[in-house]
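Peer 1: I am sharing target12.txt, which consists of compact mmCIF, C-alpha atoms:
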```txt
# COMPACT_ATOMS: atom_id res chain seq x y z
CA MET A 5 -86.68 -29.89 -24.69
CA PRO A 6 -89.72 -29.47 -26.94
CA ILE A 7 -90.76 -25.89 -27.71
CA VAL A 8 -94.28 -25.96 -29.08
CA PHE A 9 -95.99 -23.07 -30.87
CA ASP A 10 -99.68 -23.88 -31.06
CA ALA A 11 -101.26 -21.34 -33.42
CA ALA A 12 -99.35 -18.67 -31.46
CA GLY A 13 -99.69 -15.23 -33.01
CA LEU A 14 -99.51 -11.59 -32.03
CA THR A 15 -101.66 -8.72 -33.20
CA VAL A 16 -101.37 -5.26 -31.65
CA GLU A 17 -103.67 -2.26 -31.84
CA ALA A 18 -102.02 0.54 -33.77
CA PRO A 19 -103.53 4.02 -34.26
CA ASP A 20 -104.45 3.03 -37.83
CA GLY A 21 -106.06 -0.29 -36.88
CA PRO A 22 -104.83 -3.74 -35.85
CA ARG A 23 -101.34 -4.68 -36.95
CA VAL A 24 -100.17 -8.28 -37.29
CA ILE A 25 -96.72 -8.77 -35.76
CA LEU A 26 -96.77 -12.55 -36.10
CA GLU A 27 -99.47 -14.59 -37.80
CA PRO A 28 -100.70 -17.65 -35.88
CA THR A 29 -97.74 -20.00 -36.06
CA THR A 30 -97.65 -23.73 -35.38
CA VAL A 31 -94.24 -25.38 -35.09
CA GLU A 32 -92.60 -27.87 -32.74
CA LEU A 33 -88.91 -27.23 -32.12
CA VAL A 34 -86.98 -30.23 -30.82
CA GLU A 35 -83.68 -30.03 -32.74
CA ARG A 36 -80.52 -29.04 -30.83
CA ARG A 37 -79.57 -26.15 -33.13
CA ILE A 38 -82.40 -24.11 -34.57
CA GLY A 39 -81.77 -21.06 -36.73
CA VAL A 40 -84.23 -18.25 -37.42
CA ILE A 41 -83.46 -15.94 -40.36
CA GLY A 42 -85.37 -13.25 -42.22
CA ALA A 43 -85.60 -9.52 -42.92
CA ASN A 44 -85.54 -6.74 -40.32
CA GLY A 45 -88.98 -6.31 -38.81
CA SER A 46 -90.24 -9.61 -40.18
CA GLY A 47 -91.22 -11.00 -36.78
CA LYS A 48 -88.10 -13.03 -35.93
CA SER A 49 -87.49 -11.33 -32.60
CA THR A 50 -91.16 -11.63 -31.64
CA LEU A 51 -91.02 -15.35 -32.34
CA ALA A 52 -87.85 -15.68 -30.28
CA ARG A 53 -89.24 -13.59 -27.41
CA MET A 54 -92.35 -15.74 -27.21
CA ILE A 55 -90.19 -18.70 -26.21
CA ASN A 56 -89.43 -17.20 -22.78
CA GLY A 57 -92.51 -15.06 -22.30
CA LEU A 58 -90.93 -11.65 -22.95
CA VAL A 59 -93.70 -11.32 -25.52
CA THR A 60 -96.95 -13.15 -24.89
CA PRO A 61 -99.07 -14.29 -27.83
CA SER A 62 -102.48 -12.65 -28.31
CA THR A 63 -103.83 -15.85 -29.86
CA GLY A 64 -102.84 -19.49 -29.39
CA GLN A 65 -100.14 -20.56 -26.94
CA VAL A 66 -96.47 -21.39 -26.60
CA VAL A 67 -95.53 -24.36 -24.44
CA VAL A 68 -91.95 -25.13 -23.36
CA ASP A 69 -91.29 -28.49 -21.73
CA GLY A 70 -94.99 -28.72 -20.88
CA TYR A 71 -95.15 -25.23 -19.29
CA ASP A 72 -97.39 -22.57 -20.77
CA VAL A 73 -95.22 -19.51 -21.36
CA THR A 74 -97.99 -17.03 -20.52
CA ARG A 75 -99.28 -18.62 -17.34
CA GLN A 76 -96.13 -20.33 -16.04
CA GLY A 77 -93.53 -17.74 -17.03
CA ARG A 78 -91.39 -18.31 -13.98
CA GLU A 79 -91.01 -22.04 -14.67
CA VAL A 80 -90.26 -21.30 -18.30
CA ARG A 81 -87.60 -18.68 -17.56
CA ARG A 82 -85.81 -21.17 -15.30
CA ARG A 83 -85.39 -23.38 -18.35
CA VAL A 84 -84.90 -20.81 -21.08
CA GLY A 85 -81.97 -18.36 -21.10
CA PHE A 86 -82.10 -15.35 -23.40
CA CYS A 87 -79.26 -13.41 -24.97
CA PHE A 88 -79.91 -10.00 -26.57
CA THR A 89 -78.24 -8.24 -29.49
CA ASP A 90 -76.90 -5.31 -27.51
CA PRO A 91 -74.91 -6.53 -24.50
CA ALA A 92 -74.90 -2.99 -23.08
CA ALA A 93 -78.62 -3.31 -22.40
CA GLN A 94 -78.44 -6.66 -20.65
CA LEU A 95 -75.44 -6.11 -18.41
CA VAL A 96 -77.14 -4.51 -15.47
CA MET A 97 -74.66 -4.53 -12.60
CA PRO A 98 -71.55 -2.34 -12.19
CA THR A 99 -68.82 -4.98 -12.42
CA CYS A 100 -68.46 -8.27 -14.29
CA VAL A 101 -68.52 -10.57 -11.29
CA GLU A 102 -71.54 -8.73 -9.85
CA ASP A 103 -73.44 -9.17 -13.08
CA VAL A 104 -72.92 -12.93 -13.01
CA GLU A 105 -73.83 -12.95 -9.32
CA LEU A 106 -77.14 -11.34 -10.21
CA SER A 107 -78.01 -14.40 -12.31
CA LEU A 108 -77.04 -16.71 -9.47
CA ARG A 109 -79.06 -14.91 -6.79
CA ARG A 110 -82.02 -17.21 -7.26
CA THR A 111 -80.10 -20.47 -7.05
CA VAL A 112 -77.20 -19.71 -4.66
CA LYS A 113 -78.37 -18.00 -1.50
CA ASP A 114 -75.05 -17.82 0.39
CA ALA A 115 -73.19 -14.66 -0.68
CA ARG A 116 -69.69 -16.10 -0.46
CA GLN A 117 -70.59 -19.28 -2.36
CA ARG A 118 -72.34 -17.13 -4.94
CA ARG A 119 -69.25 -15.01 -5.51
CA GLN A 120 -67.09 -18.14 -5.87
CA ARG A 121 -69.51 -19.65 -8.39
CA ALA A 122 -69.57 -16.38 -10.32
CA LEU A 123 -65.76 -16.29 -10.43
CA ASP A 124 -65.75 -19.92 -11.66
CA VAL A 125 -68.17 -18.96 -14.44
CA LEU A 126 -65.95 -16.02 -15.47
CA THR A 127 -62.89 -18.28 -15.48
CA ARG A 128 -64.67 -20.75 -17.73
CA HIS A 129 -65.37 -17.96 -20.22
CA GLY A 130 -61.88 -16.48 -20.08
CA LEU A 131 -63.02 -13.35 -18.25
CA ALA A 132 -61.49 -14.05 -14.82
CA GLU A 133 -59.03 -11.16 -14.99
CA HIS A 134 -61.91 -8.73 -15.61
CA ALA A 135 -63.92 -9.84 -12.56
CA ASP A 136 -63.76 -6.50 -10.73
CA VAL A 137 -63.68 -4.36 -13.86
CA SER A 138 -66.62 -2.11 -14.80
CA VAL A 139 -68.79 -3.75 -17.45
CA HIS A 140 -68.43 -0.51 -19.42
CA ALA A 141 -64.68 -0.98 -19.71
CA LEU A 142 -65.03 -4.22 -21.71
CA SER A 143 -64.86 -4.44 -25.50
CA GLY A 144 -68.02 -5.28 -27.44
CA GLY A 145 -66.97 -8.90 -27.84
CA GLN A 146 -66.10 -9.27 -24.18
CA LYS A 147 -69.43 -7.73 -23.21
CA GLN A 148 -71.34 -10.28 -25.28
CA LEU A 149 -69.27 -13.13 -23.81
CA LEU A 150 -70.02 -11.78 -20.34
CA ALA A 151 -73.73 -11.51 -21.16
CA LEU A 152 -73.70 -15.14 -22.32
CA ALA A 153 -71.75 -16.17 -19.23
CA GLY A 154 -74.41 -14.52 -17.07
CA VAL A 155 -77.21 -16.32 -18.87
CA LEU A 156 -75.45 -19.70 -18.91
CA ALA A 157 -74.42 -19.46 -15.25
CA VAL A 158 -77.81 -20.80 -14.18
CA GLU A 159 -77.57 -23.69 -16.66
CA PRO A 160 -80.79 -23.28 -18.61
CA ALA A 161 -81.90 -26.17 -20.82
CA VAL A 162 -82.57 -23.86 -23.77
CA LEU A 163 -80.70 -20.76 -24.91
CA VAL A 164 -82.48 -18.27 -27.16
CA ALA A 165 -80.05 -15.81 -28.76
CA ASP A 166 -81.47 -12.81 -30.63
CA GLU A 167 -78.81 -11.73 -33.14
CA PRO A 168 -75.98 -12.21 -30.65
CA THR A 169 -73.25 -11.46 -33.19
CA THR A 170 -74.79 -8.57 -35.13
CA LEU A 171 -72.69 -5.93 -33.34
CA LEU A 172 -69.47 -7.96 -33.28
CA ASP A 173 -66.37 -8.09 -35.50
CA LEU A 174 -65.35 -11.28 -37.29
CA ALA A 175 -63.07 -12.64 -34.57
CA ASN A 176 -65.64 -12.05 -31.83
CA THR A 177 -68.44 -13.43 -34.02
CA ARG A 178 -66.41 -16.65 -34.31
CA ARG A 179 -65.76 -16.78 -30.58
CA VAL A 180 -69.44 -16.29 -29.71
CA ALA A 181 -70.53 -18.73 -32.43
CA ASP A 182 -68.08 -21.40 -31.28
CA LEU A 183 -69.37 -20.94 -27.75
CA LEU A 184 -73.01 -21.27 -28.89
CA PHE A 185 -72.42 -24.28 -31.11
CA GLY A 186 -70.31 -25.97 -28.44
CA LEU A 187 -73.04 -25.83 -25.80
CA ASP A 188 -74.87 -28.85 -24.44
CA GLN A 189 -78.01 -26.72 -24.39
CA GLN A 190 -80.63 -26.58 -27.10
CA VAL A 191 -80.04 -23.30 -28.96
CA VAL A 192 -82.50 -21.12 -30.87
CA LEU A 193 -80.37 -18.67 -32.82
CA VAL A 194 -81.91 -15.64 -34.52
CA THR A 195 -79.28 -14.31 -36.92
CA HIS A 196 -78.43 -12.37 -40.05
CA ASP A 197 -75.20 -14.33 -40.37
CA LEU A 198 -76.08 -16.95 -42.98
CA ASP A 199 -72.85 -18.88 -42.33
CA LEU A 200 -74.03 -19.39 -38.78
CA ALA A 201 -77.52 -20.31 -39.96
CA ARG A 202 -76.02 -23.01 -42.21
CA ARG A 203 -74.45 -24.66 -39.14
CA CYS A 204 -77.90 -25.27 -37.60
CA ASP A 205 -79.91 -28.52 -37.76
CA ARG A 206 -83.07 -26.76 -38.81
CA VAL A 207 -83.81 -23.22 -39.97
CA LEU A 208 -87.01 -21.18 -40.01
CA VAL A 209 -87.29 -18.36 -42.54
CA VAL A 210 -89.55 -15.57 -41.30
CA ALA A 211 -91.00 -13.01 -43.70
CA ASP A 212 -93.97 -10.63 -43.46
CA ALA A 213 -94.95 -11.80 -39.97
CA ALA A 214 -95.02 -15.54 -40.71
CA VAL A 215 -92.76 -18.58 -40.99
CA ARG A 216 -92.47 -18.96 -44.77
CA TYR A 217 -90.01 -21.82 -44.90
CA ASP A 218 -89.05 -24.46 -42.38
CA GLY A 219 -86.49 -27.12 -43.12
CA PRO A 220 -82.85 -28.20 -43.27
CA ALA A 221 -80.34 -25.34 -42.97
CA ASP A 222 -78.90 -25.25 -46.48
CA ALA A 223 -82.29 -25.46 -48.18
CA ALA A 224 -83.71 -22.75 -45.91
CA VAL A 225 -80.80 -20.37 -46.42
CA ASP A 226 -81.00 -20.89 -50.19
CA HIS A 227 -84.73 -20.16 -50.03
CA TYR A 228 -84.02 -16.93 -48.15
CA LEU A 229 -81.30 -15.88 -50.61
CA GLN A 230 -83.64 -16.48 -53.54
CA SER A 231 -86.48 -14.57 -51.91
CA VAL A 232 -84.19 -11.55 -51.55
CA THR A 233 -82.67 -11.65 -55.03
CA ALA A 234 -85.88 -12.54 -56.86
CA MET B 15 -67.26 2.86 -24.74
CA SER B 16 -65.07 5.40 -23.01
CA ASN B 17 -66.73 7.46 -20.38
CA PRO B 18 -65.50 10.66 -18.81
CA LEU B 19 -67.65 10.57 -15.71
CA LEU B 20 -67.84 7.45 -13.70
CA VAL B 21 -65.88 4.53 -15.05
CA GLY B 22 -63.23 3.42 -12.65
CA VAL B 23 -63.95 5.97 -9.96
CA TYR B 24 -63.05 3.28 -7.44
CA GLN B 25 -59.30 2.96 -7.05
CA PRO B 26 -58.07 -0.07 -5.10
CA GLY B 27 -55.65 0.83 -2.32
CA THR B 28 -54.70 0.43 1.32
CA SER B 29 -55.07 3.97 2.67
CA LEU B 30 -56.84 4.75 5.91
CA LEU B 31 -59.97 5.65 3.95
CA HIS B 32 -59.87 2.33 2.08
CA ARG B 33 -59.70 0.44 5.35
CA LEU B 34 -62.47 2.29 7.18
CA PRO B 35 -65.77 0.40 7.37
CA VAL B 36 -68.38 1.43 4.81
CA GLY B 37 -70.79 2.58 7.52
CA ALA B 38 -68.24 4.99 8.99
CA LYS B 39 -67.48 6.44 5.57
CA LEU B 40 -71.08 6.87 4.47
CA GLY B 41 -72.12 8.17 7.89
CA GLY B 42 -69.20 10.58 7.92
CA LEU B 43 -70.01 11.76 4.42
CA GLY B 44 -73.62 12.34 5.46
CA VAL B 45 -72.69 14.32 8.56
CA LEU B 46 -70.06 16.37 6.73
CA SER B 47 -72.44 17.11 3.83
CA LEU B 48 -75.23 18.21 6.16
CA THR B 49 -72.81 20.42 8.09
CA ILE B 50 -71.51 22.00 4.89
CA VAL B 51 -75.04 22.76 3.76
CA ALA B 52 -76.29 23.89 7.19
CA VAL B 53 -73.46 26.23 8.20
CA ARG B 54 -73.97 29.47 6.28
CA ASP B 55 -70.63 31.19 6.56
CA ALA B 56 -67.92 31.96 4.00
CA ARG B 57 -65.08 31.44 6.53
CA ALA B 58 -66.46 28.05 7.50
CA ALA B 59 -66.66 27.18 3.80
CA VAL B 60 -62.86 27.58 3.58
CA VAL B 61 -62.44 25.19 6.52
CA PHE B 62 -64.78 22.66 4.88
CA LEU B 63 -62.82 22.84 1.67
CA ALA B 64 -59.62 22.19 3.62
CA VAL B 65 -61.27 19.17 5.28
CA ALA B 66 -62.44 17.82 1.91
CA VAL B 67 -59.00 18.28 0.34
CA ALA B 68 -57.45 16.56 3.36
CA LEU B 69 -59.83 13.62 2.87
CA ALA B 70 -58.86 13.34 -0.79
CA LEU B 71 -55.18 13.37 0.21
CA VAL B 72 -55.69 10.73 2.93
CA GLY B 73 -57.45 8.53 0.36
CA ARG B 74 -54.41 9.00 -1.96
CA ILE B 75 -56.64 10.00 -4.83
CA GLY B 76 -54.61 10.90 -7.90
CA LEU B 77 -54.57 14.48 -9.09
CA ARG B 78 -55.74 13.52 -12.55
CA MET B 79 -58.78 11.70 -11.13
CA LEU B 80 -59.61 14.72 -8.98
CA ALA B 81 -59.33 17.09 -11.92
CA ARG B 82 -61.38 14.80 -14.14
CA THR B 83 -64.21 14.32 -11.67
CA THR B 84 -64.41 17.87 -10.29
CA ARG B 85 -64.31 19.62 -13.66
CA SER B 86 -68.04 19.41 -14.36
CA VAL B 87 -68.96 20.23 -10.74
CA LEU B 88 -66.59 23.19 -10.89
CA LEU B 89 -68.41 24.54 -13.91
CA ILE B 90 -71.77 24.36 -12.13
CA ALA B 91 -70.22 25.81 -8.95
CA VAL B 92 -68.81 28.79 -10.87
CA ILE B 93 -72.17 29.48 -12.51
CA ALA B 94 -74.00 29.14 -9.17
CA GLY B 95 -71.39 31.37 -7.54
CA ALA B 96 -71.83 34.01 -10.22
CA VAL B 97 -75.60 33.99 -9.75
CA GLN B 98 -75.16 34.30 -5.98
CA TRP B 99 -72.75 37.22 -6.44
CA TRP B 100 -75.37 39.02 -8.43
CA VAL B 101 -78.22 38.17 -6.04
CA SER B 102 -76.61 38.22 -2.58
CA GLY B 103 -73.06 39.58 -2.87
CA PRO B 104 -69.50 38.22 -2.84
CA ALA B 105 -69.50 36.45 0.56
CA LYS B 106 -72.47 34.30 -0.39
CA ALA B 107 -70.91 33.62 -3.81
CA VAL B 108 -67.63 32.38 -2.31
CA GLU B 109 -69.53 30.24 0.16
CA THR B 110 -71.66 28.64 -2.58
CA LEU B 111 -68.68 27.97 -4.80
CA LEU B 112 -66.51 26.46 -2.07
CA ASP B 113 -69.36 24.44 -0.55
CA LEU B 114 -70.22 22.79 -3.85
CA VAL B 115 -66.58 21.90 -4.53
CA SER B 116 -66.18 20.56 -0.97
CA LEU B 117 -69.27 18.37 -1.32
CA ALA B 118 -67.97 16.96 -4.60
CA LEU B 119 -64.48 16.30 -3.20
CA ALA B 120 -65.86 14.55 -0.12
CA ALA B 121 -68.13 12.37 -2.28
CA ILE B 122 -65.24 11.48 -4.58
CA ALA B 123 -63.03 10.64 -1.61
CA VAL B 124 -65.63 8.08 -0.51
CA SER B 125 -66.42 6.71 -4.00
CA ALA B 126 -62.76 6.34 -4.90
CA THR B 127 -62.02 4.31 -1.80
CA THR B 128 -65.18 2.17 -1.57
CA PRO B 129 -66.28 -0.47 -4.13
CA VAL B 130 -69.95 -0.16 -5.16
CA ASN B 131 -70.41 -3.77 -4.18
CA ALA B 132 -69.30 -3.10 -0.59
CA ILE B 133 -71.79 -0.23 -0.34
CA LEU B 134 -74.60 -2.47 -1.63
CA ASP B 135 -73.69 -5.30 0.77
CA SER B 136 -73.77 -2.90 3.71
CA LEU B 137 -77.05 -1.48 2.53
CA VAL B 138 -78.60 -4.96 2.39
CA ARG B 139 -77.38 -5.56 5.94
CA TRP B 140 -78.78 -2.28 7.24
CA ILE B 141 -82.22 -2.63 5.76
CA SER B 142 -82.60 -6.35 6.50
CA PRO B 143 -84.72 -5.61 9.62
CA LEU B 144 -87.26 -4.00 7.26
CA ARG B 145 -87.87 -7.44 5.76
CA ARG B 146 -90.55 -7.90 8.44
CA ILE B 147 -92.62 -5.06 6.98
CA GLY B 148 -92.32 -6.42 3.47
CA VAL B 149 -89.19 -4.69 2.14
CA ASP B 150 -86.94 -6.92 0.04
CA PRO B 151 -83.37 -5.75 0.81
CA ASP B 152 -81.87 -7.47 -2.23
CA ARG B 153 -84.32 -5.71 -4.48
CA VAL B 154 -83.58 -2.31 -2.91
CA ALA B 155 -79.85 -2.93 -3.33
CA MET B 156 -80.35 -3.98 -6.93
CA THR B 157 -82.40 -0.87 -7.67
CA ILE B 158 -79.56 1.30 -6.40
CA GLY B 159 -76.99 -0.81 -8.24
CA LEU B 160 -79.03 -0.38 -11.43
CA ALA B 161 -79.16 3.38 -10.94
CA VAL B 162 -75.39 3.57 -10.43
CA GLN B 163 -74.83 1.37 -13.44
CA ALA B 164 -77.27 3.33 -15.62
CA LEU B 165 -75.39 6.62 -15.24
CA PRO B 166 -72.38 5.88 -17.47
CA GLY B 167 -74.68 4.20 -19.99
CA THR B 168 -76.90 7.26 -20.10
CA VAL B 169 -73.94 9.60 -20.51
CA ALA B 170 -72.71 7.43 -23.39
CA LEU B 171 -76.15 7.65 -25.02
CA ALA B 172 -76.10 11.43 -24.61
CA LEU B 173 -72.71 11.72 -26.29
CA GLU B 174 -73.74 9.39 -29.12
CA THR B 175 -76.95 11.32 -29.74
CA ARG B 176 -75.11 14.66 -29.67
CA ASP B 177 -72.56 13.34 -32.18
CA ALA B 178 -75.36 12.08 -34.41
CA ALA B 179 -77.03 15.52 -34.32
CA ARG B 180 -73.70 17.18 -35.11
CA ALA B 181 -72.99 14.81 -37.96
CA ARG B 182 -76.24 15.95 -39.53
CA GLY B 183 -75.38 19.59 -38.90
CA LEU B 184 -78.09 19.98 -36.27
CA GLY B 185 -75.75 20.60 -33.36
CA ARG B 186 -77.17 23.98 -32.39
CA HIS B 187 -80.75 22.88 -31.87
CA PRO B 188 -81.30 21.34 -28.42
CA ARG B 189 -84.44 19.70 -29.78
CA ALA B 190 -82.40 17.86 -32.39
CA TYR B 191 -80.56 15.90 -29.75
CA LEU B 192 -82.78 16.15 -26.66
CA THR B 193 -85.77 14.44 -28.30
CA PRO B 194 -83.87 11.41 -29.65
CA PHE B 195 -81.84 11.29 -26.44
CA VAL B 196 -84.94 10.98 -24.25
CA ILE B 197 -86.44 8.39 -26.60
CA ARG B 198 -83.23 6.35 -26.54
CA VAL B 199 -83.01 6.48 -22.76
CA VAL B 200 -86.58 5.19 -22.48
CA ALA B 201 -85.83 2.50 -25.08
CA ARG B 202 -82.73 1.49 -23.13
CA ALA B 203 -84.84 1.26 -19.97
CA HIS B 204 -87.26 -1.06 -21.77
CA GLU B 205 -84.37 -3.22 -22.99
CA THR B 206 -82.92 -3.40 -19.51
CA GLY B 207 -86.35 -4.35 -18.17
CA ASP B 208 -86.57 -7.12 -20.76
CA ALA B 209 -83.10 -8.31 -19.83
CA LEU B 210 -84.03 -8.42 -16.14
CA ALA B 211 -87.25 -10.29 -16.89
CA ALA B 212 -85.38 -12.72 -19.14
CA ARG B 213 -82.95 -13.45 -16.33
CA GLY B 214 -85.83 -14.22 -14.00
CA VAL B 215 -85.26 -11.17 -11.76
CA GLY B 216 -88.57 -10.48 -10.05
CA ASP B 217 -89.87 -14.00 -10.62
CA ASP B 218 -89.25 -14.84 -6.99
```
Output the file's structure in the form of structure tokens.

Peer 2:
Amino acid sequence: MPIVFDAAGLTVEAPDGPRVILEPTTVELVERRIGVIGANGSGKSTLARMINGLVTPSTGQVVVDGYDVTRQGREVRRRVGFCFTDPAAQLVMPTCVEDVELSLRRTVKDARQRRQRALDVLTRHGLAEHADVSVHALSGGQKQLLALAGVLAVEPAVLVADEPTTLLDLANTRRVADLLFGLDQQVVLVTHDLDLARRCDRVLVVADAAVRYDGPADAAVDHYLQSVTA
Amino acid sequence: MSNPLLVGVYQPGTSLLHRLPVGAKLGGLGVLSLTIVAVRDARAAVVFLAVAVALALVGRIGLRMLARTTRSVLLIAVIAGAVQWWVSGPAKAVETLLDLVSLALAAIAVSATTPVNAILDSLVRWISPLRRIGVDPDRVAMTIGLAVQALPGTVALALETRDAARARGLGRHPRAYLTPFVIRVVARAHETGDALAARGVGDD
């Protein structure tokens, strides 16, 4: 599904004058696995959030599958799932199965069917035995898997993941990464894990509020490494 | 994230309280609570406490759970009782103390025997007639679910912030943890809002 940034940028008014969060950016993302790397505060998250309308550009536009993210946000969010860094913030219902049910509310109206679908989703992600457990009782890795399960339950065409493994240990990072790279969906992965970035088809390097490099994964990661060490 | 307050308050079981319909339990809790608050008498307070303890026993709520959940209420009840003793005398103090403990016990008896989900489902059913005047029952239920779910998260944030203040040797200044705590709670609310928007909640 093509994700098109057409001179999309974001400038906000700060007390000391306008501040550029993301310079007008023009890219067309069609590859299946797209990585976004760069320093903290460089504008990576803003770029990622523009894809599903969580952040709307102040200039230019972002178009996903022909839908303008600003004006047709609802259509876009049906196609684009979003996974956050901190699963604690995105798990919003008391128990695991209820959290997945929340995602399914829009598509499955019958309560009993919805519960069954939610249980199927949990089973698929190896969380079936935790269905009625409080989301707070899960480990960090399980929480992130549950968050992903909730997002994937509605079968979006694109998954945007904003540093999904930053808070996880090595084993859980691998589990989440294997899940992401095994998906049929197009994935936009914002990450600090350069090993993960190298597994992508195309990587954008963001620095100082702009895309500074855009190309094959290995070349992009090497560019980023050099920019840090230079 | 371990949490002393609310995680796992619900305990699956087959006691009479577990089997009662949600409406009966919530209605009963409401009536009992109002009676406890309305009847101003120290002797009646003892009876109410006995009723609340009986409820906890019928619900087969473990002693450890009772101790864990009543501890913080007990602290507040003792302080309130002490203030009442000073202001209005011993009878009023005993009444305040016992009433607060009874209210907490009765609430725990219901929470420990009723899954949150069952309460929300009933709520949606009860307020469905209001759909005609523009109330969205699912949204009301979700708001309450969010509030329930936010409590343990907020307590965890409070503990984390307090530890951070302590680690920097600032433990004695309320400002050193209250300010960052409030900021973090607001930030968490924004994140949760983003997460809801990202999942399309409110789009329809």

Peer 1: Please tell me which residues are no farther than 8 Å from (-63.2, 4.5, -7.3) in the file, counting all atoms listed in the file, and write them as a list in words.

Peer 2: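 Taken together, the residues in range are Gly22, Val23, Tyr24, Gln25, Pro26, Ile122, Ser125, Ala126, Thr127, Thr128 and Pro129 of chain B.
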
Peer 1: For Ala203 in chain B, which of B:Ala164, B:Val101, B:Leu77, B:Val215 is the closest residue, counting all atoms listed in the file?

Peer 2: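 Using all atoms listed in the file, the shortest distance to Ala203 in chain B belongs to B:Ala164.
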
Peer 1: Grab the CA of Arg216 in chain A to CA of Ala18 in chain A distance for me, in Å with one decimal place.

Peer 2: 24.3 Å

Peer 1: Residues of range 75-166 of chain B within 10 Å of range 99-109 of chain A: nearest atom pair and distance (Å, one decimal) for each, counting all atoms listed in the file, sorted by chain and number, as a Markdown table?

Peer 2:
```
| residue | atom | partner | partner_atom | distance |
| --- | --- | --- | --- | --- |
| B:Pro129 | CA | A:Thr99 | CA | 9.8 |
| B:Val130 | CA | A:Thr99 | CA | 8.8 |
| B:Asn131 | CA | A:Glu102 | CA | 7.6 |
| B:Asp152 | CA | A:Arg109 | CA | 9.2 |
| B:Met156 | CA | A:Leu106 | CA | 8.7 |
| B:Gly159 | CA | A:Glu102 | CA | 9.7 |
| B:Gln163 | CA | A:Thr99 | CA | 8.8 |
```

Peer 1: So which residues touch Leu80 in chain B within 9 Å, counting all atoms listed in the file, skipping near sequence neighbours fewer than 4 positions away, as a PyMOL selection string?

Peer 2: chain B and resi 70+75-76+84-85+119+122

Peer 1: What does the file look like for those residues with C-alpha atoms, as an mmCIF file, in the coordinates of the input?

Peer 2:
```
data_model
loop_
_atom_site.group_PDB
_atom_site.id
_atom_site.type_symbol
_atom_site.label_atom_id
_atom_site.label_comp_id
_atom_site.auth_asym_id
_atom_site.auth_seq_id
_atom_site.Cartn_x
_atom_site.Cartn_y
_atom_site.Cartn_z
ATOM 1 C CA ALA B 70 -58.860 13.340 -0.790
ATOM 2 C CA ILE B 75 -56.640 10.000 -4.830
ATOM 3 C CA GLY B 76 -54.610 10.900 -7.900
ATOM 4 C CA THR B 84 -64.410 17.870 -10.290
ATOM 5 C CA ARG B 85 -64.310 19.620 -13.660
ATOM 6 C CA LEU B 119 -64.480 16.300 -3.200
ATOM 7 C CA ILE B 122 -65.240 11.480 -4.580
#
```

Peer 1: Tell me the residues of chain A close to chain B, meaning within 9 Å using only C-alpha atoms, as a ChimeraX atom specification.

Peer 2: /A:56-58,77-78,81-82,84-88,90,92-99,102,106-107,109-110,137-144,154-155

Peer 1: Give as a list in words the set of residues within 6 Å of the point (-86.9, -13.8, -47.7), where distances use the file's coordinates and all atoms listed in the file.

Peer 2: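 Protein, DNA and RNA residues close to (-86.9, -13.8, -47.7): Gly42, Ala211, Tyr228, Ser231 and Val232 of chain A.
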
Peer 1: For CA of Arg186 in chain B and CA of Leu88 in chain B, determine how far apart the two atoms are, in Å to one decimal place.

Peer 2: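 Interatomic distance, CA of Arg186 in chain B to CA of Leu88 in chain B: 24.0 Å.
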
Peer 1: Please supply range 143-152 of chain A, rebuilt with N, CA and C atoms, as a CSV table (one decimal), keeping the file's coordinate frame.

Peer 2:
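Saved result, part_4.csv, follows:
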```csv
chain,number,residue,atom,x,y,z
A,143,SER,N,-64.6,-4.6,-24.1
A,143,SER,CA,-64.9,-4.4,-25.5
A,143,SER,C,-66.2,-5.1,-25.8
A,144,GLY,N,-66.7,-4.7,-27.0
A,144,GLY,CA,-68.0,-5.3,-27.4
A,144,GLY,C,-68.1,-6.8,-27.4
A,145,GLY,N,-67.0,-7.4,-27.8
A,145,GLY,CA,-67.0,-8.9,-27.8
A,145,GLY,C,-67.0,-9.5,-26.4
A,146,GLN,N,-66.2,-8.8,-25.6
A,146,GLN,CA,-66.1,-9.3,-24.2
A,146,GLN,C,-67.4,-9.1,-23.5
A,147,LYS,N,-68.1,-8.0,-23.8
A,147,LYS,CA,-69.4,-7.7,-23.2
A,147,LYS,C,-70.4,-8.8,-23.6
A,148,GLN,N,-70.4,-9.2,-24.9
A,148,GLN,CA,-71.3,-10.3,-25.3
A,148,GLN,C,-71.0,-11.6,-24.6
A,149,LEU,N,-69.7,-11.9,-24.5
A,149,LEU,CA,-69.3,-13.1,-23.8
A,149,LEU,C,-69.7,-13.1,-22.4
A,150,LEU,N,-69.6,-11.9,-21.7
A,150,LEU,CA,-70.0,-11.8,-20.3
A,150,LEU,C,-71.5,-12.0,-20.2
A,151,ALA,N,-72.3,-11.4,-21.2
A,151,ALA,CA,-73.7,-11.5,-21.2
A,151,ALA,C,-74.1,-13.0,-21.3
A,152,LEU,N,-73.4,-13.7,-22.2
A,152,LEU,CA,-73.7,-15.1,-22.3
A,152,LEU,C,-73.3,-15.9,-21.0
```
